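S.K.: Can you read through this structure? Questions will come right after.
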Amino acid sequence: MKLSIIVPSYNQVEFITYTLKNLAEIKKKAAVVGIFIEILVFDSESNERVQQIIRDYQKEIDFVEIKKDKGQYDAINKGILKCTGDYWTWLNTDDLLDIDGFFKIVDVLTANSSIDYIYGGVTYINEKGETLKTVDTWKLSLDQLVTEEPAIFQPGSFFKKSFTDKIGLLKSYQCCFDYEFILRCIKNNAILYQCNYAVSHFRYYKTSKTGSITPIFIKEQLLISHDYGRKWHHYLTLFSKLRLFKHLLFPKK
C-alpha cells in the first residue's frame, strides 16, 4: 500500500522542522513493514530559513515545489493532482501525525480497501508541543454537519484517491475548504470509517489560522452549510450567528 502526505507550506519556521521530522520518522518505520509513504511539499515562496529546512529534509521528501500559490487550498490541490498513493491526506507545517494512530489506520486500510474516507481523533497541542486536550471522534453525517455541528476531523483524515478523483478538488475557501470537501464526500456516498483513537496532533495557538480568524471560519461554515441544505431554523444557524455577534462585541486582540 502507498499513502501520500501533502504538506502545504508558508513561513512557519517555528514548527516546520517538527512536522518534517515527524513525517521522516513515519516514512522510515513504514518502509520496514512494506508501506510506502510519499511526501509532497508545496511551499509558497517562504523565507530563506524555511526553504533551507525543506532542503535539509530533501532526501525524505519525494517532491518539492517552491512557487507562489493562491492559498492553502491551491497548494493542497497541486498535491492531489500530483500524488500517486492509494490514499492521501494533507498535513500543515505546524501539525503532526500521531505515529501509533497512523499505523493503526494503515492496518485498517490494509484489511479493508473499500473505505473511501477514514478519520480519527485529534489531540490539540500548543506552540510548545504540550497537550491541551484530545477530541474523540463521533459518527459524521450530512444532516448533523449541515444543521447542528460543523466540526470535522481533517487532521488525521485519509481519502481514497480513486474516489476523490471522481468528485474534484478543494474549493477556493480561505479556511473551510476541508469542511466543504468532507460534505461533498458524504453527499457522494463515500464509505466512511470512524477510528476511536487519535491520529493527529493539531497545534492550536493565538496566531494560528484557527486561533486568529474565527469569524472567517464561521462565515464560511454558514455559506457552505447553506449550499448543502441548512435552513434558518436549524440549530447551526442560530449558534453560528450568536458566535459572530460575540466576536463583533469582543474581538480577539
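Chain identifiers are assigned as A, B, and so on, following the order in which chains appear in the C-alpha cells; residues are numbered from 1 within each chain, and ligands are numbered from 1 in order of appearance.
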Excluding Ile152 in chain A and any residue of its chain fewer than 3 positions from it, enumerate the residues within 9 Å of it, using only C-alpha atoms, and give them as a list of chain:residue names.
M.R.: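 Result of the neighbour search: A:Thr137, A:Leu140, A:Leu145, A:Glu149, A:Pro155, A:Asp178, A:Tyr179, A:Ile182.
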S.K.: Which residues are near Asp98 in chain A? Cut-off 8 Å, only C-alpha atoms, ignore same chain within fewer than 5 positions. Put them as a PDB file with N, CA and C atoms, in the first residue's frame.
M.R.:
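Okay, this is what ended up in around.pdb:
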```pdb
ATOM      1  N   ALA A 198      -6.636   8.761  18.585  1.00  0.00           N
ATOM      2  CA  ALA A 198      -6.049   9.958  17.975  1.00  0.00           C
ATOM      3  C   ALA A 198      -5.137   9.581  16.815  1.00  0.00           C
ATOM      4  N   VAL A 199      -5.234  10.343  15.739  1.00  0.00           N
ATOM      5  CA  VAL A 199      -4.404  10.111  14.560  1.00  0.00           C
ATOM      6  C   VAL A 199      -3.520  11.322  14.257  1.00  0.00           C
ATOM      7  N   SER A 200      -3.796  12.439  14.910  1.00  0.00           N
ATOM      8  CA  SER A 200      -3.005  13.637  14.623  1.00  0.00           C
ATOM      9  C   SER A 200      -2.848  14.493  15.865  1.00  0.00           C
ATOM     10  N   HIS A 201      -1.850  15.376  15.798  1.00  0.00           N
ATOM     11  CA  HIS A 201      -1.632  16.400  16.821  1.00  0.00           C
ATOM     12  C   HIS A 201      -1.808  17.749  16.134  1.00  0.00           C
TER      13      HIS A 201
END
```
S.K.: List the spatial neighbours of Lys67 in chain A as number ranges by chain - criterion: any atom at most 7 Å away, only C-alpha atoms, same-chain residues fewer than 5 positions off excluded.
M.R.: A: 43-45
S.K.: Once you count only C-alpha atoms, what closest atom pair and distance in Å to one decimal does each residue of range 141-198 of chain A within 8 Å of range 73-82 of chain A have, with rows by chain and rising residue number, as JSON lines?
M.R.:
```
{"residue": "A:Leu169", "atom": "CA", "partner": "A:Asn77", "partner_atom": "CA", "distance": 6.0}
{"residue": "A:Leu170", "atom": "CA", "partner": "A:Tyr73", "partner_atom": "CA", "distance": 6.1}
{"residue": "A:Lys171", "atom": "CA", "partner": "A:Tyr73", "partner_atom": "CA", "distance": 7.0}
{"residue": "A:Ser172", "atom": "CA", "partner": "A:Tyr73", "partner_atom": "CA", "distance": 6.2}
{"residue": "A:Tyr173", "atom": "CA", "partner": "A:Tyr73", "partner_atom": "CA", "distance": 7.2}
{"residue": "A:Gln174", "atom": "CA", "partner": "A:Tyr73", "partner_atom": "CA", "distance": 7.4}
{"residue": "A:Phe177", "atom": "CA", "partner": "A:Tyr73", "partner_atom": "CA", "distance": 6.8}
```
S.K.: Export, as a PDB file, in the first residue's frame, the selected residues with C-alpha atoms.
M.R.:
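Listing of part-v9.pdb after writing:
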```pdb
ATOM      1  CA  LEU A 169     -10.551  19.237  -5.989  1.00  0.00           C
ATOM      2  CA  LEU A 170     -10.846  21.511  -2.958  1.00  0.00           C
ATOM      3  CA  LYS A 171     -12.820  24.705  -3.484  1.00  0.00           C
ATOM      4  CA  SER A 172     -11.241  28.120  -3.038  1.00  0.00           C
ATOM      5  CA  TYR A 173     -12.300  28.951   0.521  1.00  0.00           C
ATOM      6  CA  GLN A 174      -9.799  30.644   2.796  1.00  0.00           C
ATOM      7  CA  PHE A 177     -12.346  24.021   2.129  1.00  0.00           C
TER       8      PHE A 177
END
```
S.K.: With only C-alpha atoms as the counted atoms, please give the residues lying no more than 7 Å from Ile191 in chain A, apart from itself and same-chain residues fewer than 6 positions off, as a list in words.
M.R.: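 The neighbour list is Ile115, Asp116 and Tyr117 of chain A.
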S.K.: Given the selection you just returned, output its residues as a file containing N, CA and C atoms, formatted as a PDB file, in the first residue's frame.
M.R.:
```
ATOM      1  N   ILE A 115     -12.825   1.316   1.905  1.00  0.00           N
ATOM      2  CA  ILE A 115     -13.036   2.576   2.626  1.00  0.00           C
ATOM      3  C   ILE A 115     -12.645   3.756   1.735  1.00  0.00           C
ATOM      4  N   ASP A 116     -13.536   4.757   1.665  1.00  0.00           N
ATOM      5  CA  ASP A 116     -13.259   5.966   0.887  1.00  0.00           C
ATOM      6  C   ASP A 116     -12.707   7.097   1.746  1.00  0.00           C
ATOM      7  N   TYR A 117     -13.133   7.138   3.003  1.00  0.00           N
ATOM      8  CA  TYR A 117     -12.718   8.227   3.887  1.00  0.00           C
ATOM      9  C   TYR A 117     -12.621   7.689   5.307  1.00  0.00           C
TER      10      TYR A 117
END
```
S.K.: From range 27-159 of chain A, collect each residue whose DSSP state is helix (DSSP H, G or I) and return the set as a ChimeraX atom specification.
M.R.: /A:27-32,48-56,72-82,99-111,142-147
S.K.: Would you please give, as a ChimeraX atom specification, all residues of range 169-239 of chain A that DSSP assigns to strand (DSSP E or B) based on the backbone?
M.R.: /A:192-203
S.K.: Measuring between only C-alpha atoms, which one of A:Phe102, A:Val146, A:Cys83, A:Tyr197 shows the shortest distance to Thr134 in chain A?
M.R.: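 Ranking A:Phe102, A:Val146, A:Cys83, A:Tyr197 by distance to Thr134 in chain A, first place goes to A:Tyr197.
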S.K.: Set the distance at 10 Å and use only C-alpha atoms: which residues neighbour Cys175 in chain A once local chain neighbours fewer than 6 positions away are removed? I'd like the list as a list in words.
M.R.: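 Near neighbours after the sequence-gap exclusion: Gly71, Gln72, Tyr73, Lys209, Thr210, Ile213, Thr214, Ile216, Phe217, Ile218, Lys219, Glu220 and Gln221 of chain A.
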S.K.: I need the residues from that last selection saved to file as a PDB file, in the first residue's frame (with C-alpha atoms), if you can.
M.R.:
```
ATOM      1  CA  GLY A  71      -3.619  29.927  -0.858  1.00  0.00           C
ATOM      2  CA  GLN A  72      -3.583  26.766   1.198  1.00  0.00           C
ATOM      3  CA  TYR A  73      -6.359  25.113  -0.808  1.00  0.00           C
ATOM      4  CA  LYS A 209      -5.281  30.276  11.355  1.00  0.00           C
ATOM      5  CA  THR A 210      -7.878  28.585  13.551  1.00  0.00           C
ATOM      6  CA  ILE A 213      -9.549  34.381  12.259  1.00  0.00           C
ATOM      7  CA  THR A 214     -12.502  32.592  13.812  1.00  0.00           C
ATOM      8  CA  ILE A 216     -13.971  33.907   8.743  1.00  0.00           C
ATOM      9  CA  PHE A 217     -14.409  30.260   9.706  1.00  0.00           C
ATOM     10  CA  ILE A 218     -17.933  30.931  10.940  1.00  0.00           C
ATOM     11  CA  LYS A 219     -18.961  32.915   7.852  1.00  0.00           C
ATOM     12  CA  GLU A 220     -17.623  30.239   5.513  1.00  0.00           C
ATOM     13  CA  GLN A 221     -19.322  27.489   7.512  1.00  0.00           C
TER      14      GLN A 221
END
```
S.K.: Quick one: of A:Ile53, A:Leu236, A:Ile35, A:Leu248, who's nearest to Thr93 in chain A, counting only C-alpha atoms?
M.R.: A:Ile53
S.K.: Between A:Leu97, A:Val135, A:Leu40, A:Val33, which one has atoms that come closest to Phe153 in chain A, using only C-alpha atoms?
M.R.: A:Val135
S.K.: Mind giving me the straight-line distance from CA of Ala111 in chain A to CA of Tyr193 in chain A in Å, one decimal?
M.R.: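 These atoms are spaced 12.3 Å apart.
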S.K.: Could you check which of A:Ile125, A:Met1, A:Val7, A:Ala24 is closest to Arg203 in chain A, using only C-alpha atoms?
M.R.: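 Under the stated criterion, the closest residue is A:Ile125.
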S.K.: Using only C-alpha atoms, find the one residue out of A:Thr147, A:Ser141, A:Asn22, A:Ser9 that sits nearest to His233 in chain A.
M.R.: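 Closest residue, counting only C-alpha atoms: A:Thr147.
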S.K.: Nearest to Leu183 in chain A: which of A:Asn11, A:Gln52, A:Gln154, A:Asn112 is it, counting only C-alpha atoms?
M.R.: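 Comparing A:Asn11, A:Gln52, A:Gln154, A:Asn112 against Leu183 in chain A, the winner is A:Gln154.
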S.K.: Which residues are near Thr17 in chain A? Cut-off 10 Å, only C-alpha atoms, ignore same chain within fewer than 6 positions. Put them as a PyMOL selection string.
M.R.: chain A and resi 23+50+53-54+56-57+93-94
S.K.: Could the residues in this selection be written to a file with C-alpha atoms, as a PDB file, in the first residue's frame?
M.R.:
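Writing the result to selection_0.pdb gives the following:
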```pdb
ATOM      1  CA  LEU A  23       6.959  12.522   8.593  1.00  0.00           C
ATOM      2  CA  VAL A  50      12.008  27.766   5.826  1.00  0.00           C
ATOM      3  CA  ILE A  53      14.770  23.468   6.386  1.00  0.00           C
ATOM      4  CA  ILE A  54      12.961  21.942   3.418  1.00  0.00           C
ATOM      5  CA  ASP A  56      17.624  19.746   4.909  1.00  0.00           C
ATOM      6  CA  TYR A  57      14.879  17.094   4.553  1.00  0.00           C
ATOM      7  CA  THR A  93       3.521  22.634   8.798  1.00  0.00           C
ATOM      8  CA  ASP A  94       2.559  23.213  12.407  1.00  0.00           C
TER       9      ASP A  94
END
```
